[in-house]
Amino acid sequence: VNDLKLDFLIPEGTMGSSIFLNGGDAFKILLDCGVIHYGNEIIVPQIPAGINQIFISHGHLDHCAALPFILKYGEPEIFGTPPTLSFIEYLLLDMWNLIKRCDLKCNMKLTDDDMQHFLRVFHKMKRPIEPYQSVNIENSLRFQYIPAGHILGACGMNLWLNDKSIVYTGDICTYNTNYLVPAARDYFIRNPDILISEATYGNKTEHIDSFSTANINLLNIIKQSIQDDAPTIIPAYALQRVEEVYVRLAREMHEGRIPKTPIYTDGRLATNVLRVFRKFTVPEYNVNPDLAMRVTQSDTLVDIFDDTFITSLNKTSILDKLQTINEGSGIFIVPAGSLQGGYSPLYLKEVAGNPKAHLILVGHQFPDTLGERIQQGKKTVALPGFDGRIDETNLECQVHTFHLSAHAHTGQLIDLVKFLNPKTVFFQHGTQRSINTMVSIRYGMDIIAFRPRETEIAMDDTSATGLNVLYLQQRQEALRLLSPRLADIFNKLLKDIDLTTIAKADVDNLVERTLEYQKDRERAKFRKSMQRVGSYVQSSKGNRPTSDPEWRRGRGSH
Ligand SMILES: [Zn+2]
Ligand SMILES: [Zn+2]
């Protein structure tokens, strides 16, 4: 395929993934088909017509929720691992209910008929594929799922398109969580032509070990709430974050480190999702083998998905429960995750005035949601009650945030890129800042990092000069990000340079000369921030205490 075109359908700087691979007559495929979640709004991106295949990486809505809208106009094959395909059905039905109840707005129309049609076509066209299984599609395309360690069933992909090889990470996690083992990175294609990487935590150099720290802190809070006879509210449901909390809690209770306390979940979605977890908690899907054993051999150990551990509430039992919620300890795992729609705001309203109660937010809150406002420290919020009345409510309960979403952070992403050693790497699925950080890092001799909007350059202009100019633009942007003044100086110096013959060394030299204009203190600050990124580069190569020599050589000292 010589005329392969890449098109990132989700705007840069937003979480979500939907990538159009256009191989002309040979194939038209989508890698994921996510939507953008903003406040109480779902925004479906413009999807090109004539898609033949969709490869879904995992069941989160930002990777699959455009499906009902796509299937209105066509019948592409839909690939996914068995857990992913199960999650998709339940989550999309839930999304549709939220749209119907007007808890969610959407830029495209979705009717009951559309949803029935979606379910019919989805069942007809879904293609369950196991991890590592190699699939050929019409000679021109071969692909393979590789476990990504992000949620149950989540996979990245290897793709071979005649003469081009592509690795797509999906959402990827390279460390152990309570539930999953890390991504199977050894099985991704080495030296691919193109790597498409997520960059969610691309700007989180401090994220190391925070998953296990977050876990311990979270358990301590729950212990405290049990001692205080006070309730804990955990808004859900973004797949997996809750299960991460849940499996840990169940284990601690089973092994007697935490007193047995009722855990409640609510709604059909939670019950269905737990059923999928129960079914697929096996090592084949990158589940921690110890945990998988607990679930599959429940006669000798304990079935943590058993209802002795977790109670599903229905509409009437919720009302009863809410009456007495402040009278004892209990852990309530309730949708929606960002406290936007669902029952979680109602629960919160009941416990808001109880200074011993806890609200635990697990991970990233979507922009412009109640969850985000509370995370940012807002103490008075408008909360709906069961009677539909909305009141300004003071939050006297304790609010905590724990980042339990499983994404590789800056250093681990750098390691992954260096390990796979692609010719080109695109960073997407991140904030503007995290993408800026990831593209401004030097990965090695010949690896060039691109942002989504640079596909044209990446696919067409592979001349040395074109790449060097890009290299220059990336450093320019990194400088601008750190200080607009630095960027001005850089641009003045740039006026004397002939861009048609510029080399990488010239660019590095320009950066150095720019820094010369800065006061020593500011230069030190700049170097430190660049070095913080650089110091992770060598973390995979052993325990050398100094920062990467290659990095230092590049920076030089005048
Ligand atoms: Zn995602
Ligand atoms: Zn995800």
# chains A, B, ... in the order shown; residues from 1 in each chain; ligands from 1

$ residues_near_ligand --ligand "ligand 1" --cutoff "7 Å" --atoms "only C-alpha atoms and all ligand atoms" --output "tab-separated table (two decimals) with all heavy atoms, in the first residue's frame"
chain	number	residue	atom	x	y	z
A	15	MET	N	-9.21	13.54	25.23
A	15	MET	CA	-9.14	12.11	25.47
A	15	MET	C	-10.10	11.43	24.51
A	15	MET	O	-11.23	11.86	24.35
A	15	MET	CB	-9.57	11.78	26.90
A	15	MET	CG	-8.72	12.41	27.96
A	15	MET	SD	-7.01	11.86	27.85
A	15	MET	CE	-6.24	13.11	28.84
A	16	GLY	N	-9.65	10.34	23.94
A	16	GLY	CA	-10.49	9.63	23.00
A	16	GLY	C	-9.67	9.21	21.82
A	16	GLY	O	-8.62	9.80	21.54
A	17	SER	N	-10.13	8.18	21.14
A	17	SER	CA	-9.34	7.67	20.04
A	17	SER	C	-10.24	7.17	18.93
A	17	SER	O	-11.21	6.44	19.18
A	17	SER	CB	-8.44	6.54	20.54
A	17	SER	OG	-7.58	6.12	19.51
A	60	HIS	N	-13.85	1.05	26.86
A	60	HIS	CA	-14.18	2.40	27.31
A	60	HIS	C	-14.88	3.20	26.21
A	60	HIS	O	-14.55	3.07	25.04
A	60	HIS	CB	-12.90	3.15	27.75
A	60	HIS	CG	-12.48	2.81	29.16
A	60	HIS	ND1	-11.17	2.89	29.57
A	60	HIS	CD2	-13.20	2.41	30.22
A	60	HIS	CE1	-11.11	2.53	30.85
A	60	HIS	NE2	-12.32	2.24	31.26
A	62	ASP	N	-14.67	6.19	25.23
A	62	ASP	CA	-13.87	7.06	24.35
A	62	ASP	C	-13.16	6.25	23.26
A	62	ASP	O	-12.38	6.80	22.49
A	62	ASP	CB	-12.89	7.93	25.16
A	62	ASP	CG	-11.91	7.12	25.98
A	62	ASP	OD1	-12.25	5.99	26.38
A	62	ASP	OD2	-10.77	7.60	26.21
A	63	HIS	N	-13.44	4.94	23.20
A	63	HIS	CA	-12.85	4.09	22.16
A	63	HIS	C	-13.89	3.33	21.33
A	63	HIS	O	-13.53	2.70	20.35
A	63	HIS	CB	-11.85	3.10	22.77
A	63	HIS	CG	-10.69	3.80	23.39
A	63	HIS	ND1	-9.46	3.88	22.79
A	63	HIS	CD2	-10.59	4.50	24.55
A	63	HIS	CE1	-8.64	4.59	23.56
A	63	HIS	NE2	-9.31	4.98	24.63
A	171	ASP	N	-5.13	2.28	24.83
A	171	ASP	CA	-4.72	2.80	26.14
A	171	ASP	C	-3.83	1.72	26.75
A	171	ASP	O	-4.20	0.55	26.75
A	171	ASP	CB	-5.93	3.05	27.04
A	171	ASP	CG	-6.70	4.28	26.60
A	171	ASP	OD1	-6.27	4.93	25.62
A	171	ASP	OD2	-7.74	4.60	27.21
A	429	HIS	N	-4.55	11.05	22.25
A	429	HIS	CA	-5.22	10.66	23.49
A	429	HIS	C	-4.49	11.26	24.70
A	429	HIS	O	-4.02	10.56	25.57
A	429	HIS	CB	-5.27	9.13	23.61
A	429	HIS	CG	-6.24	8.62	24.64
A	429	HIS	ND1	-6.07	8.80	25.98
A	429	HIS	CD2	-7.38	7.91	24.52
A	429	HIS	CE1	-7.07	8.22	26.63
A	429	HIS	NE2	-7.87	7.68	25.76

$ select_by_dssp --residues "region 163-387 of chain A" --states "strand (DSSP E)" --output "PDB file with C-alpha atoms, in the first residue's frame"
ATOM      1  CA  LYS A 164       3.977  -0.945   6.201  1.00  0.00           C
ATOM      2  CA  SER A 165       3.894  -2.077   9.810  1.00  0.00           C
ATOM      3  CA  ILE A 166       1.931  -0.218  12.471  1.00  0.00           C
ATOM      4  CA  VAL A 167       1.745  -0.615  16.227  1.00  0.00           C
ATOM      5  CA  TYR A 168      -1.226   0.984  17.967  1.00  0.00           C
ATOM      6  CA  ILE A 194       4.573   3.795  12.576  1.00  0.00           C
ATOM      7  CA  LEU A 195       3.791   3.727  16.280  1.00  0.00           C
ATOM      8  CA  ILE A 196       0.551   5.347  17.432  1.00  0.00           C
ATOM      9  CA  SER A 197       0.802   5.879  21.165  1.00  0.00           C
ATOM     10  CA  GLU A 198      -1.560   7.234  23.776  1.00  0.00           C
ATOM     11  CA  PRO A 231     -20.389   5.758  54.736  1.00  0.00           C
ATOM     12  CA  THR A 232     -18.007   5.974  51.771  1.00  0.00           C
ATOM     13  CA  ILE A 233     -19.273   6.953  48.324  1.00  0.00           C
ATOM     14  CA  ILE A 234     -17.261   5.942  45.252  1.00  0.00           C
ATOM     15  CA  PRO A 235     -18.792   7.302  42.036  1.00  0.00           C
ATOM     16  CA  ALA A 236     -18.384   4.866  39.144  1.00  0.00           C
ATOM     17  CA  ILE A 263     -20.230  -3.141  49.726  1.00  0.00           C
ATOM     18  CA  TYR A 264     -23.138  -1.980  47.592  1.00  0.00           C
ATOM     19  CA  THR A 265     -23.365  -1.371  43.926  1.00  0.00           C
ATOM     20  CA  ASP A 266     -26.372  -0.152  42.074  1.00  0.00           C
ATOM     21  CA  ILE A 310     -21.148  -7.229  47.036  1.00  0.00           C
ATOM     22  CA  THR A 311     -24.854  -6.383  47.126  1.00  0.00           C
ATOM     23  CA  SER A 312     -26.691  -5.004  44.120  1.00  0.00           C
ATOM     24  CA  LEU A 313     -29.316  -2.449  45.073  1.00  0.00           C
ATOM     25  CA  GLY A 330     -20.916   0.936  54.088  1.00  0.00           C
ATOM     26  CA  ILE A 331     -19.156   1.322  50.769  1.00  0.00           C
ATOM     27  CA  PHE A 332     -21.339   2.528  47.924  1.00  0.00           C
ATOM     28  CA  ILE A 333     -20.045   2.091  44.391  1.00  0.00           C
ATOM     29  CA  VAL A 334     -22.530   4.048  42.289  1.00  0.00           C
ATOM     30  CA  PRO A 335     -22.769   5.561  38.805  1.00  0.00           C
ATOM     31  CA  HIS A 358     -16.038  10.162  52.534  1.00  0.00           C
ATOM     32  CA  LEU A 359     -16.376  10.866  48.838  1.00  0.00           C
ATOM     33  CA  ILE A 360     -13.682   9.082  46.830  1.00  0.00           C
ATOM     34  CA  LEU A 361     -13.114  10.151  43.227  1.00  0.00           C
ATOM     35  CA  VAL A 362     -11.133   7.535  41.347  1.00  0.00           C
ATOM     36  CA  THR A 380     -20.773  24.348  47.656  1.00  0.00           C
ATOM     37  CA  VAL A 381     -22.412  22.548  44.750  1.00  0.00           C
ATOM     38  CA  ALA A 382     -25.887  22.135  43.285  1.00  0.00           C
ATOM     39  CA  LEU A 383     -27.076  18.594  44.023  1.00  0.00           C
ATOM     40  CA  PRO A 384     -30.294  16.899  42.940  1.00  0.00           C
TER      41      PRO A 384
END

$ residues_around --residues "Ser338 (chain A)" --least-positions-apart "5" --cutoff "8 Å" --atoms "only C-alpha atoms" --output "mmCIF file with C-alpha atoms, in the first residue's frame"
data_model
loop_
_atom_site.group_PDB
_atom_site.id
_atom_site.type_symbol
_atom_site.label_atom_id
_atom_site.label_comp_id
_atom_site.auth_asym_id
_atom_site.auth_seq_id
_atom_site.Cartn_x
_atom_site.Cartn_y
_atom_site.Cartn_z
ATOM 1 C CA PRO A 235 -18.792 7.302 42.036
ATOM 2 C CA ALA A 236 -18.384 4.866 39.144
ATOM 3 C CA GLN A 365 -12.991 13.619 35.956
ATOM 4 C CA PHE A 366 -14.357 14.696 32.597
ATOM 5 C CA THR A 369 -18.637 18.040 35.299
ATOM 6 C CA LEU A 370 -19.665 18.173 38.954
ATOM 7 C CA GLY A 371 -16.884 15.676 39.667
ATOM 8 C CA GLU A 372 -14.307 18.026 38.185
#

$ closest_residue --among "A:His254, A:Lys100, A:His407, A:His117" --to "ligand 2" --atoms "only C-alpha atoms and all ligand atoms"
A:His407

$ residues_around --residues "Tyr73 (chain A)" --least-positions-apart "4" --cutoff "12 Å" --atoms "only C-alpha atoms" --output "list in words"
Ile47, Pro48, Ala49, Gly50, Ile51, Asn52, Ala66, Leu67, Pro68, Phe69, Asp114, His117, Phe118 and Val121 of chain A

$ residues_around --residues "Phe419 (chain A)" --least-positions-apart "4" --cutoff "12 Å" --atoms "only C-alpha atoms" --output "list in words"
Arg185, Asp186, Tyr187, Phe188, Ile189, Arg190, Asn191, Pro192, Leu195, Gln412, Leu413, Ile414, Asp415, Tyr443, Gly444, Ile447, Val537, Gln538, Ser540 and Lys541 of chain A

$ select_by_dssp --residues "region 220-334 of chain A" --states "helix (DSSP H, G or I)" --output "NGL selection string"
:A and (220-227 or 241-254 or 268-280 or 283-285 or 289-296 or 315-323 or 325-327)

$ closest_residue --among "A:Arg513, A:Lys423, A:Arg241, A:Lys356" --to "ligand 2" --atoms "only C-alpha atoms and all ligand atoms"
A:Arg241

$ atom_distance --atom1 "CA of Thr324 (chain A)" --atom2 "CA of Met253 (chain A)"
23.1 Å

$ closest_residue --among "A:Lys204, A:His403, A:Arg251, A:Lys504" --to "Gly430 (chain A)" --atoms "only C-alpha atoms"
A:Lys204

$ closest_residue --among "A:Ile29, A:Leu472, A:Leu98, A:Val425" --to "Leu141 (chain A)" --atoms "only C-alpha atoms"
A:Ile29

$ closest_residue --among "A:Thr169, A:Ser434, A:Asn272, A:Ser86" --to "ligand 2" --atoms "only C-alpha atoms and all ligand atoms"
A:Thr169

$ residues_around --residues "Glu477 (chain A)" --least-positions-apart "2" --cutoff "10 Å" --atoms "only C-alpha atoms" --output "PyMOL selection string"
chain A and resi 436-437+439-440+472-475+479-484+487
